[in-house]
Amino acid sequence: MRPVLGLDIGGANLKAAHCDGTAQSQSFAVWRRAGELEAALRSLMARMPAFDTLAVTMTAELCDCFETKRHGVLAVLDAVHAAARAVATGASVVVWLNDGRLVAPAEARTRPYDAAASNWLALATW
């Protein structure tokens, strides 16, 4: 099995869980510091065990610092992409959609409303 890291990117907290059982959470107020999300994600991922796959859920896109939910989803995905490139070169990234599938970020970008507020369903499903 390839090592997987799950990230839940919320508006007030960032959470990471590795398939080996390691988990961390850190406070991060996206609505106050959206421009620092990439750095915060990099820091969190760097404290976790190595991984080949990064699975992402989110609710941070709902913060009022984003013009629209779509804008928020795209901003979160941009931060994830940059952070993953810096910390885990070569890791694949997948995004949980509200239809119950993990998809490539490119597909999630074309369906931002399906990627929005996806953490509740991921938790209930898994």
# chains A, B, ... in the order shown; residues from 1 in each chain; ligands from 1
>>> select_by_dssp(residues="region 6-116 of chain A", states="strand (DSSP E or B)", output="MDAnalysis selection string")
chainID A and resid 6:9 13:18 23:27 53:58 92:96 102:103
>>> residues_around(residues="Asp52 (chain A)", least_positions_apart="4", cutoff="7 Å", atoms="only C-alpha atoms", output="list of chain:residue names")
A:Arg2, A:Pro3, A:Val4, A:Ala91, A:Ser92
>>> residues_around(residues="Gln24 (chain A)", least_positions_apart="6", cutoff="9 Å", atoms="only C-alpha atoms", output="PyMOL selection string")
chain A and resi 14-17+44+47-48
>>> residues_around(residues="region 66-69 of chain A", least_positions_apart="4", cutoff="9 Å", atoms="only C-alpha atoms", output="short mmCIF file (atom, residue, chain, number, x, y, z; two decimals) with N, CA, C and O atoms, in the first residue's frame")
data_model
loop_
_atom_site.label_atom_id
_atom_site.label_comp_id
_atom_site.auth_asym_id
_atom_site.auth_seq_id
_atom_site.Cartn_x
_atom_site.Cartn_y
_atom_site.Cartn_z
N TRP A 31 -9.68 32.95 7.19
CA TRP A 31 -10.35 34.22 6.88
C TRP A 31 -9.49 35.42 7.23
O TRP A 31 -9.69 36.49 6.69
N ALA A 34 -5.51 34.18 4.59
CA ALA A 34 -5.64 33.32 3.40
C ALA A 34 -4.35 33.28 2.58
O ALA A 34 -4.00 32.24 2.03
N GLU A 61 -13.06 27.14 1.91
CA GLU A 61 -13.59 27.95 0.80
C GLU A 61 -14.83 28.73 1.19
O GLU A 61 -15.24 29.65 0.50
N LEU A 62 -15.43 28.37 2.31
CA LEU A 62 -16.64 29.05 2.78
C LEU A 62 -16.33 30.35 3.53
O LEU A 62 -17.25 31.10 3.86
N VAL A 73 -12.51 27.58 -3.40
CA VAL A 73 -12.04 26.24 -3.76
C VAL A 73 -10.76 26.34 -4.59
O VAL A 73 -9.78 25.63 -4.34
N LEU A 74 -10.76 27.23 -5.57
CA LEU A 74 -9.58 27.38 -6.43
C LEU A 74 -8.38 27.87 -5.63
O LEU A 74 -7.25 27.40 -5.85
N ALA A 75 -8.59 28.77 -4.70
CA ALA A 75 -7.49 29.26 -3.86
C ALA A 75 -6.94 28.15 -2.97
O ALA A 75 -5.71 28.03 -2.81
N PRO A 112 -15.95 22.96 -8.85
CA PRO A 112 -15.64 23.48 -7.52
C PRO A 112 -16.78 23.33 -6.51
O PRO A 112 -16.51 23.15 -5.32
N TYR A 113 -18.01 23.37 -6.95
CA TYR A 113 -19.12 23.25 -6.00
C TYR A 113 -19.24 21.82 -5.47
O TYR A 113 -19.76 21.61 -4.39
N ALA A 116 -16.50 21.66 -2.70
CA ALA A 116 -16.76 22.54 -1.55
C ALA A 116 -17.43 21.78 -0.41
O ALA A 116 -18.29 20.93 -0.63
#
>>> closest_residue(among="A:Ala88, A:Ala117, A:Ile9, A:Ala83", to="Gln26 (chain A)", atoms="only C-alpha atoms")
A:Ile9
>>> select_by_dssp(residues="chain A", states="alpha helix (DSSP H)", output="number ranges by chain")
A: 30-33, 37-46, 69-87, 105-110, 112-115, 119-125
>>> write_last_selection(atoms="C-alpha atoms", output="short mmCIF file (atom, residue, chain, number, x, y, z; two decimals), in the first residue's frame")
data_model
loop_
_atom_site.label_atom_id
_atom_site.label_comp_id
_atom_site.auth_asym_id
_atom_site.auth_seq_id
_atom_site.Cartn_x
_atom_site.Cartn_y
_atom_site.Cartn_z
CA VAL A 30 -7.97 31.26 6.85
CA TRP A 31 -10.35 34.22 6.88
CA ARG A 32 -7.60 36.35 8.45
CA ARG A 33 -4.54 34.87 6.71
CA LEU A 37 -2.34 29.08 3.63
CA GLU A 38 0.37 27.55 1.45
CA ALA A 39 3.04 28.11 4.11
CA ALA A 40 0.80 26.70 6.83
CA LEU A 41 0.08 23.59 4.75
CA ARG A 42 3.78 23.16 3.98
CA SER A 43 4.59 23.32 7.68
CA LEU A 44 1.88 20.81 8.60
CA MET A 45 2.82 18.34 5.84
CA ALA A 46 6.52 18.57 6.72
CA LYS A 69 -17.25 29.60 -3.02
CA ARG A 70 -15.67 28.83 -6.42
CA HIS A 71 -12.90 31.36 -5.79
CA GLY A 72 -12.28 29.78 -2.39
CA VAL A 73 -12.04 26.24 -3.76
CA LEU A 74 -9.58 27.38 -6.43
CA ALA A 75 -7.49 29.26 -3.86
CA VAL A 76 -7.36 26.22 -1.57
CA LEU A 77 -6.36 23.97 -4.47
CA ASP A 78 -3.63 26.45 -5.50
CA ALA A 79 -2.23 26.41 -1.96
CA VAL A 80 -2.35 22.60 -1.79
CA HIS A 81 -0.60 22.27 -5.15
CA ALA A 82 2.22 24.62 -4.19
CA ALA A 83 2.67 23.10 -0.73
CA ALA A 84 2.68 19.52 -2.04
CA ARG A 85 5.24 20.44 -4.71
CA ALA A 86 7.50 21.89 -2.03
CA VAL A 87 7.16 19.08 0.53
CA PRO A 105 -7.25 18.45 -8.84
CA ALA A 106 -7.83 19.31 -12.51
CA GLU A 107 -11.27 17.72 -12.35
CA ALA A 108 -12.02 19.32 -8.96
CA ARG A 109 -11.21 22.71 -10.50
CA THR A 110 -13.89 22.17 -13.13
CA PRO A 112 -15.64 23.48 -7.52
CA TYR A 113 -19.12 23.25 -6.00
CA ASP A 114 -18.71 19.48 -5.74
CA ALA A 115 -15.37 19.91 -3.94
CA ASN A 119 -15.19 16.98 4.66
CA TRP A 120 -18.45 15.91 6.31
CA LEU A 121 -19.17 13.34 3.58
CA ALA A 122 -15.61 12.03 3.57
CA LEU A 123 -15.79 11.47 7.31
CA ALA A 124 -19.19 9.79 7.10
CA THR A 125 -18.09 7.60 4.19
#
>>> atom_distance(atom1="CA of Ala55 (chain A)", atom2="CA of Leu102 (chain A)")
7.7 Å
>>> atom_distance(atom1="CA of Phe51 (chain A)", atom2="CA of Glu36 (chain A)")
22.8 Å
>>> atom_distance(atom1="CA of Trp96 (chain A)", atom2="CA of Thr59 (chain A)")
11.6 Å
